[in-house]
>>> print(open('input.pdb').read())   # PDB, C-alpha atoms
ATOM      1  CA  MET J   1      30.176   1.910   4.141
ATOM      2  CA  ASN J   2      27.178   4.230   3.844
ATOM      3  CA  GLY J   3      27.149   3.762   0.072
ATOM      4  CA  GLU J   4      27.143  -0.015   0.452
ATOM      5  CA  LEU J   5      24.326   0.190   3.018
ATOM      6  CA  GLU J   6      22.247   2.420   0.756
ATOM      7  CA  GLN J   7      22.859   0.049  -2.143
ATOM      8  CA  ASN J   8      21.685  -2.921  -0.038
ATOM      9  CA  ILE J   9      18.576  -1.017   1.091
ATOM     10  CA  SER J  10      17.789  -0.036  -2.501
ATOM     11  CA  ARG J  11      18.250  -3.652  -3.631
ATOM     12  CA  PHE J  12      15.905  -4.862  -0.906
ATOM     13  CA  HIS J  13      13.239  -2.330  -1.870
ATOM     14  CA  ARG J  14      13.420  -3.399  -5.515
ATOM     15  CA  GLN J  15      13.148  -7.053  -4.523
ATOM     16  CA  LEU J  16      10.268  -6.264  -2.154
ATOM     17  CA  ALA J  17       8.449  -4.382  -4.927
ATOM     18  CA  GLU J  18       8.820  -7.374  -7.249
ATOM     19  CA  CYS J  19       7.692  -9.697  -4.449
ATOM     20  CA  ALA J  20       4.630  -7.521  -3.747
ATOM     21  CA  LEU J  21       3.612  -7.705  -7.400
ATOM     22  CA  ARG J  22       3.800 -11.499  -7.266
ATOM     23  CA  LEU J  23       1.874 -11.718  -3.993
ATOM     24  CA  HIS J  24      -0.857  -9.358  -5.223
ATOM     25  CA  GLY J  25      -1.028 -10.966  -8.653
ATOM     26  CA  PRO J  26      -4.016 -12.644 -10.308
ATOM     27  CA  TRP J  27      -5.008 -15.366  -7.821
ATOM     28  CA  THR J  28      -8.173 -16.470  -9.609
ATOM     29  CA  GLY J  29      -8.598 -20.186  -9.007
ATOM     30  CA  VAL J  30      -5.784 -20.229  -6.439
ATOM     31  CA  SER J  31      -6.563 -21.031  -2.801
ATOM     32  CA  PRO J  32      -5.391 -18.957   0.188
ATOM     33  CA  SER J  33      -3.142 -21.899   1.117
ATOM     34  CA  ASP J  34      -1.402 -21.576  -2.252
ATOM     35  CA  VAL J  35      -0.891 -17.860  -1.602
ATOM     36  CA  LEU J  36       0.642 -18.582   1.793
ATOM     37  CA  ARG J  37       2.988 -21.212   0.427
ATOM     38  CA  GLU J  38       4.217 -18.533  -1.949
ATOM     39  CA  VAL J  39       4.598 -16.204   1.050
ATOM     40  CA  CYS J  40       6.826 -18.769   2.780
ATOM     41  CA  ARG J  41       8.985 -19.193  -0.308
ATOM     42  CA  GLU J  42       9.290 -15.439  -0.802
ATOM     43  CA  ALA J  43      10.235 -14.889   2.865
ATOM     44  CA  VAL J  44      13.147 -17.303   2.597
ATOM     45  CA  GLY J  45      14.291 -15.781  -0.683
ATOM     46  CA  LEU J  46      13.885 -12.137   0.334
ATOM     47  CA  LEU J  47      15.161 -12.012   3.935
ATOM     48  CA  PRO J  48      18.869 -12.952   3.991
ATOM     49  CA  THR J  49      19.121 -14.621   7.412
ATOM     50  CA  VAL J  50      15.898 -16.644   7.116
ATOM     51  CA  HIS J  51      16.341 -20.348   6.362
ATOM     52  CA  TYR J  52      12.753 -21.551   6.864
ATOM     53  CA  ALA J  53       9.297 -19.975   7.143
ATOM     54  CA  SER J  54       5.758 -20.989   8.014
ATOM     55  CA  VAL J  55       2.365 -19.401   8.623
ATOM     56  CA  THR J  56       0.154 -20.075  11.630
ATOM     57  CA  LEU J  57      -3.530 -19.477  10.873
ATOM     58  CA  VAL J  58      -6.532 -18.548  12.974
ATOM     59  CA  SER J  59      -9.554 -20.754  12.421
ATOM     60  CA  LYS J  60     -11.879 -18.903  10.038
ATOM     61  CA  GLN J  61     -14.854 -20.106  12.061
ATOM     62  CA  LEU J  62     -13.503 -18.659  15.315
ATOM     63  CA  ARG J  63     -11.503 -15.581  14.341
ATOM     64  CA  GLY J  64     -11.310 -13.191  17.250
ATOM     65  CA  ARG J  65     -11.110 -15.980  19.863
ATOM     66  CA  THR J  66      -7.747 -16.792  21.362
ATOM     67  CA  ASP J  67      -8.318 -20.508  21.913
ATOM     68  CA  LYS J  68      -8.354 -21.778  18.341
ATOM     69  CA  ILE J  69      -5.310 -22.139  16.108
ATOM     70  CA  ASP J  70      -5.911 -23.706  12.718
ATOM     71  CA  ALA J  71      -3.578 -25.927  10.712
ATOM     72  CA  SER J  72      -0.342 -24.183   9.782
ATOM     73  CA  VAL J  73       1.045 -23.711   6.286
ATOM     74  CA  VAL J  74       4.438 -25.436   6.235
ATOM     75  CA  ASP J  75       6.512 -26.617   3.282
ATOM     76  CA  ASP J  76       9.598 -28.143   4.905
ATOM     77  CA  GLN J  77      10.454 -30.668   7.598
ATOM     78  CA  VAL J  78      11.981 -28.134   9.992
ATOM     79  CA  SER J  79       8.936 -25.831  10.028
ATOM     80  CA  THR J  80       6.655 -28.861  10.275
ATOM     81  CA  HIS J  81       8.577 -30.113  13.296
ATOM     82  CA  ILE J  82       8.537 -26.742  15.075
ATOM     83  CA  ASP J  83       4.806 -26.419  14.365
ATOM     84  CA  ALA J  84       4.251 -29.870  15.871
ATOM     85  CA  LEU J  85       6.228 -28.891  18.976
ATOM     86  CA  HIS J  86       4.039 -25.809  19.410
ATOM     87  CA  HIS J  87       0.935 -28.001  19.333
ATOM     88  CA  VAL J  88       2.463 -30.502  21.767
ATOM     89  CA  HIS J  89       3.279 -27.775  24.295
ATOM     90  CA  GLY J  90       0.207 -25.661  23.509
ATOM     91  CA  THR J  91       2.164 -22.420  23.538
ATOM     92  CA  GLY J  92       5.022 -20.577  21.894
ATOM     93  CA  PRO J  93       5.885 -17.509  19.823
ATOM     94  CA  CYS J  94       4.185 -18.836  16.676
ATOM     95  CA  PHE J  95       0.901 -18.999  18.617
ATOM     96  CA  ASP J  96       1.295 -15.906  20.800
ATOM     97  CA  ALA J  97       2.232 -13.604  17.910
ATOM     98  CA  VAL J  98      -1.185 -14.203  16.325
ATOM     99  CA  TRP J  99      -2.854 -12.152  19.049
ATOM    100  CA  GLN J 100      -0.466  -9.228  19.542
ATOM    101  CA  PRO J 101       0.590  -6.433  17.187
ATOM    102  CA  GLU J 102       4.253  -6.373  18.219
ATOM    103  CA  PRO J 103       6.490  -9.058  16.647
ATOM    104  CA  LEU J 104       7.993 -11.705  18.910
ATOM    105  CA  THR J 105      11.716 -12.324  18.482
ATOM    106  CA  VAL J 106      13.776 -15.095  20.045
ATOM    107  CA  ASN J 107      17.405 -14.038  19.700
ATOM    108  CA  ALA J 108      18.809 -17.207  21.273
ATOM    109  CA  VAL J 109      16.758 -20.392  21.604
ATOM    110  CA  ALA J 110      19.242 -21.663  24.202
ATOM    111  CA  GLY J 111      18.665 -18.731  26.564
ATOM    112  CA  GLU J 112      14.964 -17.997  25.990
ATOM    113  CA  THR J 113      12.941 -18.080  29.240
ATOM    114  CA  ARG J 114       9.407 -17.229  28.031
ATOM    115  CA  TRP J 115       8.630 -20.733  26.734
ATOM    116  CA  PRO J 116      11.249 -22.898  28.487
ATOM    117  CA  ALA J 117       9.863 -26.361  27.680
ATOM    118  CA  LEU J 118       9.226 -25.534  24.044
ATOM    119  CA  MET J 119      12.601 -23.855  23.572
ATOM    120  CA  ALA J 120      14.380 -26.816  25.145
ATOM    121  CA  ALA J 121      12.662 -29.108  22.646
ATOM    122  CA  VAL J 122      13.508 -26.822  19.703
ATOM    123  CA  LEU J 123      17.129 -26.655  20.851
ATOM    124  CA  GLU J 124      17.388 -30.418  21.255
ATOM    125  CA  GLN J 125      15.444 -31.539  18.201
ATOM    126  CA  THR J 126      16.230 -28.897  15.545
ATOM    127  CA  GLU J 127      19.084 -26.706  14.321
ATOM    128  CA  ILE J 128      17.046 -23.507  14.700
ATOM    129  CA  ARG J 129      18.771 -21.029  17.008
ATOM    130  CA  SER J 130      16.682 -17.868  16.552
ATOM    131  CA  LEU J 131      13.196 -17.127  15.298
ATOM    132  CA  MET J 132      10.702 -14.356  14.757
ATOM    133  CA  SER J 133       6.895 -14.407  14.576
ATOM    134  CA  ILE J 134       4.873 -11.499  13.189
ATOM    135  CA  GLN J 135       1.124 -11.011  13.349
ATOM    136  CA  LEU J 136      -0.719 -11.114  10.028
ATOM    137  CA  ARG J 137      -3.505  -8.573  10.286
ATOM    138  CA  ALA J 138      -5.802  -7.028   7.696
ATOM    139  CA  ALA J 139      -9.007  -5.013   7.985
ATOM    140  CA  ASP J 140      -8.544  -4.921  11.778
ATOM    141  CA  GLN J 141      -8.711  -8.707  11.957
ATOM    142  CA  ALA J 142      -6.033 -11.145  13.105
ATOM    143  CA  LEU J 143      -5.488 -13.708  10.357
ATOM    144  CA  GLY J 144      -2.475 -15.542  11.749
ATOM    145  CA  ALA J 145       1.281 -15.148  12.107
ATOM    146  CA  LEU J 146       4.286 -15.319   9.803
ATOM    147  CA  ASN J 147       7.064 -17.373  11.407
ATOM    148  CA  LEU J 148      10.697 -16.981  10.367
ATOM    149  CA  PHE J 149      13.433 -19.404  11.452
ATOM    150  CA  ALA J 150      17.230 -18.994  11.329
ATOM    151  CA  LEU J 151      20.116 -21.371  12.001
ATOM    152  CA  GLU J 152      22.236 -18.716  13.710
ATOM    153  CA  PRO J 153      21.484 -16.980  17.026
ATOM    154  CA  SER J 154      20.689 -13.242  16.905
ATOM    155  CA  ALA J 155      19.924 -13.526  13.192
ATOM    156  CA  PHE J 156      17.202 -10.882  13.287
ATOM    157  CA  THR J 157      18.906  -7.498  13.352
ATOM    158  CA  CYS J 158      16.929  -4.282  13.644
ATOM    159  CA  GLU J 159      17.010  -3.823   9.860
ATOM    160  CA  ILE J 160      15.866  -7.365   9.135
ATOM    161  CA  ARG J 161      13.076  -7.102  11.709
ATOM    162  CA  GLU J 162      11.810  -3.936  10.031
ATOM    163  CA  ASP J 163      12.027  -5.520   6.585
ATOM    164  CA  ALA J 164      10.207  -8.617   7.852
ATOM    165  CA  VAL J 165       7.353  -6.510   9.266
ATOM    166  CA  VAL J 166       6.921  -4.747   5.919
ATOM    167  CA  PHE J 167       6.934  -8.097   4.128
ATOM    168  CA  ALA J 168       4.371  -9.494   6.607
ATOM    169  CA  THR J 169       2.061  -6.551   5.830
ATOM    170  CA  HIS J 170       2.057  -7.493   2.148
ATOM    171  CA  ALA J 171       1.482 -11.155   3.108
ATOM    172  CA  ALA J 172      -1.538 -10.236   5.245
ATOM    173  CA  ILE J 173      -3.074  -8.145   2.449
ATOM    174  CA  ALA J 174      -2.516 -10.961  -0.057
ATOM    175  CA  LEU J 175      -4.114 -13.500   2.311
ATOM    176  CA  SER J 176      -7.109 -11.243   2.965
ATOM    177  CA  ALA J 177      -7.618 -10.696  -0.783
ATOM    178  CA  ALA J 178      -7.389 -14.427  -1.512
ATOM    179  CA  ASP J 179      -9.880 -15.150   1.283
ATOM    180  CA  ARG J 180     -12.340 -12.607  -0.116
ATOM    181  CA  LEU J 181     -11.992 -13.927  -3.642
ATOM    182  CA  GLN J 182     -12.567 -17.494  -2.474
ATOM    183  CA  HIS J 183     -15.625 -16.382  -0.493
ATOM    184  CA  ILE J 184     -17.047 -14.550  -3.520
ATOM    185  CA  ASN J 185     -16.455 -17.541  -5.797
ATOM    186  CA  ARG J 186     -18.144 -19.892  -3.344
ATOM    187  CA  ALA J 187     -21.080 -17.513  -2.965
ATOM    188  CA  LEU J 188     -21.516 -17.371  -6.737
ATOM    189  CA  GLU J 189     -21.318 -21.158  -6.994
ATOM    190  CA  SER J 190     -23.905 -21.516  -4.209
ATOM    191  CA  ARG J 191     -26.237 -19.013  -5.879
ATOM    192  CA  ASP J 192     -26.022 -20.889  -9.188
ATOM    193  CA  LEU J 193     -26.649 -24.215  -7.449
ATOM    194  CA  ILE J 194     -29.677 -22.860  -5.577
ATOM    195  CA  GLY J 195     -30.988 -21.397  -8.824
ATOM    196  CA  GLN J 196     -30.715 -24.773 -10.572
ATOM    197  CA  ALA J 197     -32.498 -26.585  -7.745
ATOM    198  CA  LYS J 198     -35.265 -23.978  -7.602
ATOM    199  CA  GLY J 199     -35.756 -24.250 -11.357
ATOM    200  CA  MET J 200     -36.079 -28.025 -11.128
ATOM    201  CA  LEU J 201     -38.724 -27.780  -8.391
ATOM    202  CA  MET J 202     -40.627 -25.020 -10.218
ATOM    203  CA  GLU J 203     -40.791 -27.111 -13.386
ATOM    204  CA  ARG J 204     -41.630 -30.348 -11.624
ATOM    205  CA  PHE J 205     -44.373 -29.012  -9.324
ATOM    206  CA  ALA J 206     -45.552 -25.956 -11.296
ATOM    207  CA  ILE J 207     -44.752 -23.559  -8.459
ATOM    208  CA  ASP J 208     -43.085 -20.148  -8.302
ATOM    209  CA  ALA J 209     -39.561 -19.313  -7.122
ATOM    210  CA  ALA J 210     -40.607 -18.341  -3.595
ATOM    211  CA  GLN J 211     -42.486 -21.613  -3.104
ATOM    212  CA  ALA J 212     -39.552 -23.591  -4.467
ATOM    213  CA  PHE J 213     -37.155 -21.924  -2.051
ATOM    214  CA  GLY J 214     -39.625 -22.559   0.774
ATOM    215  CA  ILE J 215     -39.467 -26.286   0.010
ATOM    216  CA  LEU J 216     -35.667 -26.193   0.036
ATOM    217  CA  ARG J 217     -35.646 -24.353   3.348
ATOM    218  CA  GLU J 218     -38.079 -26.830   4.919
ATOM    219  CA  LEU J 219     -35.946 -29.759   3.729
ATOM    220  CA  SER J 220     -32.894 -28.087   5.216
ATOM    221  CA  GLN J 221     -34.574 -27.633   8.593
ATOM    222  CA  GLU J 222     -35.978 -31.155   8.680
ATOM    223  CA  THR J 223     -32.711 -32.853   7.749
ATOM    224  CA  ASN J 224     -30.302 -30.425   9.458
ATOM    225  CA  VAL J 225     -28.469 -30.101   6.134
ATOM    226  CA  THR J 226     -27.585 -26.721   4.607
ATOM    227  CA  VAL J 227     -29.729 -25.398   1.768
ATOM    228  CA  VAL J 228     -26.700 -25.470  -0.530
ATOM    229  CA  ASP J 229     -26.039 -29.141   0.227
ATOM    230  CA  ILE J 230     -29.725 -29.955  -0.294
ATOM    231  CA  CYS J 231     -29.542 -28.239  -3.684
ATOM    232  CA  ALA J 232     -26.368 -30.135  -4.592
ATOM    233  CA  GLN J 233     -28.082 -33.436  -3.796
ATOM    234  CA  LEU J 234     -31.097 -32.540  -5.936
ATOM    235  CA  VAL J 235     -28.997 -31.395  -8.889
ATOM    236  CA  ASN J 236     -26.667 -34.396  -8.704
ATOM    237  CA  ALA J 237     -29.624 -36.782  -8.454
ATOM    238  CA  ASP J 238     -31.213 -35.249 -11.538
ATOM    239  CA  HIS J 239     -27.923 -34.895 -13.437
ATOM    240  CA  PRO J 240     -25.532 -37.517 -12.024
ATOM    241  CA  LYS J 241     -21.880 -37.089 -12.837
ATOM    242  CA  THR J 242     -20.701 -39.521 -15.444
ATOM    243  CA  GLN J 243     -18.418 -42.229 -14.140
ATOM    244  CA  SER J 244     -15.347 -43.163 -16.153
ATOM    245  CA  ASN J 245     -15.322 -46.814 -17.225
ATOM    246  CA  GLU J 246     -11.635 -46.774 -17.990
ATOM    247  CA  GLY J 247      -9.217 -48.883 -15.967
TER     248      GLY J 247
END
>>> encode(input="input.pdb", output="structure tokens")
Amino acid sequence: MNGELEQNISRFHRQLAECALRLHGPWTGVSPSDVLREVCREAVGLLPTVHYASVTLVSKQLRGRTDKIDASVVDDQVSTHIDALHHVHGTGPCFDAVWQPEPLTVNAVAGETRWPALMAAVLEQTEIRSLMSIQLRAADQALGALNLFALEPSAFTCEIREDAVVFATHAAIALSAADRLQHINRALESRDLIGQAKGMLMERFAIDAAQAFGILRELSQETNVTVVDICAQLVNADHPKTQSNEG
């Protein structure tokens, strides 16, 4: 028995190592949502009792506040339905786990008393009988929660809970890295766009870079439009995108 257990643990660690390499792979040009969809697929494939998975996200604009849950990442009808039930009732483990470090486990949907109305709806409208939600946290910041759903009650044994927490740590790191990369790419795109707009104004009005940026800033303040959007309008007006005449 011990040999079989050790073999299973070793197999899980190998699979987790392979999964970690995929999650921390080259995500250039891939959005954080794409990363999280991969997280959901990997969770179902890696954790033996998990039938469905989703990710609940904190709004990027209001991270650190407990009153704003963003759209969830769901890839199947069951997770979508449970996510919708959470929003209808305004509470539940998928929401609460975002804000606490300890995972939330529901061993039996039928007997759960912490969210009675929600659990009654899950019991009546889905086949899910146990679930687990784990905070996704990186760089001391709550990013969301990984939600795992099982068809059987008491599906999350001590070993599976521990494995799920380790997996969630890799998911949080992958999400944080994808967020940073997206932010860097957008910053570079904005810098290039501002540079183009400044160059156009400098050439057109024979002014220097500081004066050109001053004009852009004044336009932004007068129109209540961001400097980047002002620059995009100027560049697009000077170099309109070609329209396809096909069709």
>>> resolve_selection(input="input.pdb", expression="the PyMOL selection byres ((chain J and resi 44) around 12)", output="list in words")
Cys19, Arg37, Glu38, Val39, Cys40, Arg41, Glu42, Ala43, Gly45, Leu46, Leu47, Pro48, Thr49, Val50, His51, Tyr52, Ala53, Ser54, Asp75, Asp76, Leu146, Asn147, Leu148, Phe149, Ala150, Ala164 and Phe167 of chain J
>>> resolve_selection(input="input.pdb", expression="the PyMOL selection byres ((chain J and resi 87-99) around 6)", output="list in words")
Ala84, Leu85, His86, Gln100, Ser133, Ile134, Gln135, Gly144 and Ala145 of chain J
>>> residues_around(input="input.pdb", residues="Leu123 of chain J", least_positions_apart="2", cutoff="12 Å", atoms="all atoms listed in the file", output="ChimeraX atom specification")
/J:81-82,85,108-112,115-121,125-131,151-153
>>> write_last_selection(input="input.pdb", atoms="C-alpha atoms", output="PDB file, in the frame of the given file")
ATOM      1  CA  HIS J  81       8.577 -30.113  13.296  1.00  0.00           C
ATOM      2  CA  ILE J  82       8.537 -26.742  15.075  1.00  0.00           C
ATOM      3  CA  LEU J  85       6.228 -28.891  18.976  1.00  0.00           C
ATOM      4  CA  ALA J 108      18.809 -17.207  21.273  1.00  0.00           C
ATOM      5  CA  VAL J 109      16.758 -20.392  21.604  1.00  0.00           C
ATOM      6  CA  ALA J 110      19.242 -21.663  24.202  1.00  0.00           C
ATOM      7  CA  GLY J 111      18.665 -18.731  26.564  1.00  0.00           C
ATOM      8  CA  GLU J 112      14.964 -17.997  25.990  1.00  0.00           C
ATOM      9  CA  TRP J 115       8.630 -20.733  26.734  1.00  0.00           C
ATOM     10  CA  PRO J 116      11.249 -22.898  28.487  1.00  0.00           C
ATOM     11  CA  ALA J 117       9.863 -26.361  27.680  1.00  0.00           C
ATOM     12  CA  LEU J 118       9.226 -25.534  24.044  1.00  0.00           C
ATOM     13  CA  MET J 119      12.601 -23.855  23.572  1.00  0.00           C
ATOM     14  CA  ALA J 120      14.380 -26.816  25.145  1.00  0.00           C
ATOM     15  CA  ALA J 121      12.662 -29.108  22.646  1.00  0.00           C
ATOM     16  CA  GLN J 125      15.444 -31.539  18.201  1.00  0.00           C
ATOM     17  CA  THR J 126      16.230 -28.897  15.545  1.00  0.00           C
ATOM     18  CA  GLU J 127      19.084 -26.706  14.321  1.00  0.00           C
ATOM     19  CA  ILE J 128      17.046 -23.507  14.700  1.00  0.00           C
ATOM     20  CA  ARG J 129      18.771 -21.029  17.008  1.00  0.00           C
ATOM     21  CA  SER J 130      16.682 -17.868  16.552  1.00  0.00           C
ATOM     22  CA  LEU J 131      13.196 -17.127  15.298  1.00  0.00           C
ATOM     23  CA  LEU J 151      20.116 -21.371  12.001  1.00  0.00           C
ATOM     24  CA  GLU J 152      22.236 -18.716  13.710  1.00  0.00           C
ATOM     25  CA  PRO J 153      21.484 -16.980  17.026  1.00  0.00           C
TER      26      PRO J 153
END
>>> atom_distance(input="input.pdb", atom1="atom CA of Leu136 of chain J", atom2="atom CA of Ala172 of chain J")
4.9 Å
>>> closest_residue(input="input.pdb", among="J:His170, J:Arg217, J:Arg204, J:Arg161", to="Met132 of chain J", atoms="all atoms listed in the file")
J:Arg161
>>> closest_residue(input="input.pdb", among="J:Met202, J:Leu104, J:Ala187, J:Ile173", to="Pro32 of chain J", atoms="all atoms listed in the file")
J:Ile173
>>> atom_distance(input="input.pdb", atom1="atom CA of Glu189 of chain J", atom2="atom CA of Ala171 of chain J")
26.9 Å
>>> closest_residue(input="input.pdb", among="J:Cys231, J:Arg11, J:Arg137, J:Pro101", to="Ala174 of chain J", atoms="all atoms listed in the file")
J:Arg137
>>> closest_residue(input="input.pdb", among="J:Ile160, J:Ile194, J:Gln15, J:Thr80", to="Gly214 of chain J", atoms="all atoms listed in the file")
J:Ile194
>>> closest_residue(input="input.pdb", among="J:Leu175, J:Val106, J:Cys158, J:Val122", to="Val78 of chain J", atoms="only C-alpha atoms")
J:Val122
